[in-house]
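S.K.: Quick one: structure below, then a few questions.
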Amino acid sequence: MRTRVRGWRWRHNPLRRRSDVVEAWTALAVTVLLLLGAPLAGVLTGWWAHGEARAVAARERADRHEVRAVVVGRTPDTPPSVEGGSRRPTPVAVRWTEPGGGTRTAVARVPAGTHTGDTVDVWFDAHGHNAPAPPTESAVWQHTLSMGVAATGGTVAVVLLAHGVVRRVSLRHRLDEWDRDWALTEPQWTRRRPA
C-alpha cells in the first residue's frame, strides 16, 4: 500500500534532494504565474490595445467622411470570385451631391452584387480617395479581446515551456545526485569494493 506524504519536498528530511526543493519552488512559481500572471498580462495588454484601437478609430473618423452615393458606373456582369467565402467589393463610379450643392463623381468600392442606380454608403478620406469605414466600437472591443486572449495564451505557453525545461534539468540533477549517493551506499550493502 502506497501512502503519500504531502509537502515532503518542503520539509527537511534525508530523502529530500536539492533538485526536489528547486522543483517545489518552481511548481509554486508556475501556479502563481498561471493563476495571477497570465490573466494580468492579458488584462494589461487588452487595456493597452483598447486605448490604441480607440485612438486609431478616432483619427480615422476625423479624417474620413461617409457619403450616400448612387452607382453610375457599369458593374461587372459576372459575379466576382469568391475568396474565403465572401465576395470582394467591386470598384465602380459613384455620384453624390455635396452639402454645398455641387455634384461629385469618384471611383469607390461597393458591395458585390450592387447594380447601376443602386444607392450605397461609401467612405472617403480627406484627399478624396475611397477608404474603408473606420472601425466601429464592436471592432475595437473585438481587437481588445483578441489581443488580451493572445497575451494570456502566450504567457501561459511561455510559463509552461519554462516549467518543462526546469523540470527536465531538475530531473537530470536528481539522477546525478542519486548516482553519487548510490556510489557511496552500494559498497556498504553489497560488500563490493568501489572501482
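In the C-alpha cells, the first chain shown is A, the next is B, and so on; residue numbers restart at 1 for each chain, and ligands run from 1 in the order shown.
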From a backbone DSSP assignment, name each residue in chain A labelled helix (DSSP H, G or I), as a PyMOL selection string.
M.R.: chain A and resi 18-63+137-190
S.K.: Given only C-alpha atoms, how would the per-residue table for range 34-149 of chain A near range 155-162 of chain A read, listing every residue at most 9 Å away with its closest atom pair and distance in Å to one decimal, sorted by chain and number, as CSV?
M.R.:
residue,atom,partner,partner_atom,distance
A:Leu34,CA,A:Val156,CA,6.3
A:Gly37,CA,A:Thr155,CA,7.9
A:Ala38,CA,A:Thr155,CA,5.4
A:Pro39,CA,A:Thr155,CA,8.7
A:Ala41,CA,A:Thr155,CA,7.2
A:Gly42,CA,A:Thr155,CA,8.3
S.K.: Which residue is closest to Ser146 in chain A? Choose from A:Val94, A:Ala29, A:Leu36, A:Ala49 and count only C-alpha atoms.
M.R.: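 Smallest distance to Ser146 in chain A is found for A:Ala49.
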S.K.: Restricting the calculation to only C-alpha atoms: of A:Ala53, A:Arg17, A:Asn130, A:Leu33, which residue gets closest to Trp178 in chain A?
M.R.: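 Result for the nearest residue to Trp178 in chain A: A:Arg17.
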S.K.: Residues within 10 Å of Arg104 in chain A, please, as a PyMOL selection string. Count only C-alpha atoms; anything in the same chain fewer than 3 positions from it doesn't count.
M.R.: chain A and resi 69+94-98+101
S.K.: Of the candidates A:Pro187, A:Trp182, A:His163, A:Thr45, which one gets nearest to Ala24 in chain A if we count only C-alpha atoms?
M.R.: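 The shortest atom-to-atom distance to Ala24 in chain A comes from A:His163.
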S.K.: Enumerate, as a ChimeraX atom specification, the complete set of residues in range 41-171 of chain A that a backbone-based DSSP assignment places in strand (DSSP E or B).
M.R.: /A:65-71,82-83,86-87,90-97,103-110,119-124,130-131
S.K.: Mind giving me the straight-line distance from CA of Gly153 in chain A to CA of Thr31 in chain A in Å, one decimal?
M.R.: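 It comes out at 15.0 Å.
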S.K.: Neighbouring residues of range 55-58 of chain A were defined as those with any atom within 10 Å, considering only C-alpha atoms; residues of the same chain fewer than 5 positions away were excluded. Please report them as a list in words.
M.R.: Ala49, His50, Asp63, Arg64, Ala133, Pro134, Pro135, Thr136, Glu137, Ala139 and Val140 of chain A
S.K.: Let's have the selection written as a compact mmCIF listing (two decimals), in the first residue's frame, with N, CA, C and O atoms.
M.R.:
# COMPACT_ATOMS: atom_id res chain seq x y z
N ALA A 49 -4.31 47.70 -25.79
CA ALA A 49 -4.84 47.55 -27.15
C ALA A 49 -6.13 48.33 -27.32
O ALA A 49 -6.37 48.92 -28.38
N HIS A 50 -6.96 48.38 -26.29
CA HIS A 50 -8.21 49.13 -26.37
C HIS A 50 -7.93 50.62 -26.55
O HIS A 50 -8.56 51.27 -27.40
N ASP A 63 -10.66 61.85 -40.02
CA ASP A 63 -10.07 62.00 -41.35
C ASP A 63 -11.04 61.60 -42.47
O ASP A 63 -10.91 62.06 -43.59
N ARG A 64 -12.01 60.76 -42.18
CA ARG A 64 -12.89 60.23 -43.22
C ARG A 64 -14.31 60.74 -43.06
O ARG A 64 -14.73 61.12 -41.97
N ALA A 133 -14.41 51.98 -44.08
CA ALA A 133 -15.08 52.64 -42.95
C ALA A 133 -14.21 52.55 -41.71
O ALA A 133 -13.49 51.56 -41.52
N PRO A 134 -14.23 53.57 -40.86
CA PRO A 134 -13.44 53.48 -39.63
C PRO A 134 -13.97 52.36 -38.74
O PRO A 134 -15.14 51.98 -38.84
N PRO A 135 -13.12 51.84 -37.88
CA PRO A 135 -13.57 50.74 -37.00
C PRO A 135 -14.72 51.18 -36.10
O PRO A 135 -14.73 52.28 -35.57
N THR A 136 -15.67 50.28 -35.96
CA THR A 136 -16.79 50.53 -35.05
C THR A 136 -16.37 50.20 -33.62
O THR A 136 -15.29 49.62 -33.39
N GLU A 137 -17.22 50.53 -32.68
CA GLU A 137 -16.92 50.22 -31.28
C GLU A 137 -16.82 48.72 -31.06
O GLU A 137 -15.99 48.24 -30.30
N ALA A 139 -15.75 46.56 -33.28
CA ALA A 139 -14.45 46.14 -33.84
C ALA A 139 -13.33 46.47 -32.86
O ALA A 139 -12.37 45.70 -32.73
N VAL A 140 -13.44 47.61 -32.18
CA VAL A 140 -12.44 47.99 -31.18
C VAL A 140 -12.43 46.96 -30.05
O VAL A 140 -11.37 46.50 -29.61
S.K.: So that I can check the surroundings of Ala27 in chain A, please list as a PDB file with N, CA and C atoms, in the first residue's frame every protein, DNA and RNA residue that reaches within 10 Å of it, counting only C-alpha atoms and ignoring chain neighbours fewer than 5 positions away.
M.R.:
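The new file around.pdb reads:
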ATOM      1  N   VAL A  21      13.821  20.520  -3.944  1.00  0.00           N
ATOM      2  CA  VAL A  21      13.480  21.857  -3.466  1.00  0.00           C
ATOM      3  C   VAL A  21      13.280  22.804  -4.653  1.00  0.00           C
ATOM      4  N   VAL A  22      14.179  22.718  -5.640  1.00  0.00           N
ATOM      5  CA  VAL A  22      14.046  23.560  -6.835  1.00  0.00           C
ATOM      6  C   VAL A  22      12.738  23.265  -7.540  1.00  0.00           C
ATOM      7  N   VAL A  32       1.496  30.387  -9.335  1.00  0.00           N
ATOM      8  CA  VAL A  32       1.230  31.822  -9.180  1.00  0.00           C
ATOM      9  C   VAL A  32       1.174  32.511 -10.539  1.00  0.00           C
ATOM     10  N   LEU A  33       2.119  32.178 -11.416  1.00  0.00           N
ATOM     11  CA  LEU A  33       2.142  32.814 -12.738  1.00  0.00           C
ATOM     12  C   LEU A  33       0.925  32.446 -13.572  1.00  0.00           C
ATOM     13  N   HIS A 163       8.634  25.876 -17.417  1.00  0.00           N
ATOM     14  CA  HIS A 163       8.456  24.857 -16.385  1.00  0.00           C
ATOM     15  C   HIS A 163       8.942  23.496 -16.881  1.00  0.00           C
ATOM     16  N   VAL A 166      12.764  23.531 -16.777  1.00  0.00           N
ATOM     17  CA  VAL A 166      13.262  23.431 -15.405  1.00  0.00           C
ATOM     18  C   VAL A 166      13.073  22.012 -14.869  1.00  0.00           C
ATOM     19  N   ARG A 167      11.935  21.396 -15.157  1.00  0.00           N
ATOM     20  CA  ARG A 167      11.706  20.021 -14.683  1.00  0.00           C
ATOM     21  C   ARG A 167      12.695  19.046 -15.306  1.00  0.00           C
TER      22      ARG A 167
END
S.K.: Which one of A:Val149, A:Ala106, A:Ala93, A:Val165 sits closest to Asp118 in chain A if you count only C-alpha atoms?
M.R.: A:Ala93
S.K.: How many Å lie between CA of Pro91 in chain A and CA of His129 in chain A, rounded to one decimal?
M.R.: 12.0 Å
S.K.: Nearest to Thr103 in chain A: which of A:Thr116, A:Ala183, A:Arg16, A:Val70 is it, counting only C-alpha atoms?
M.R.: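 Of A:Thr116, A:Ala183, A:Arg16, A:Val70, the one nearest Thr103 in chain A is A:Val70, counting only C-alpha atoms.
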S.K.: If we count only C-alpha atoms, what is near Arg109 in chain A at a cut-off of 7 Å, once residues fewer than 3 positions away on the same chain are taken out, given as a list in words?
M.R.: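 Counting only the stated atoms, we get Pro89, Thr90, Pro91 and Val92 of chain A.
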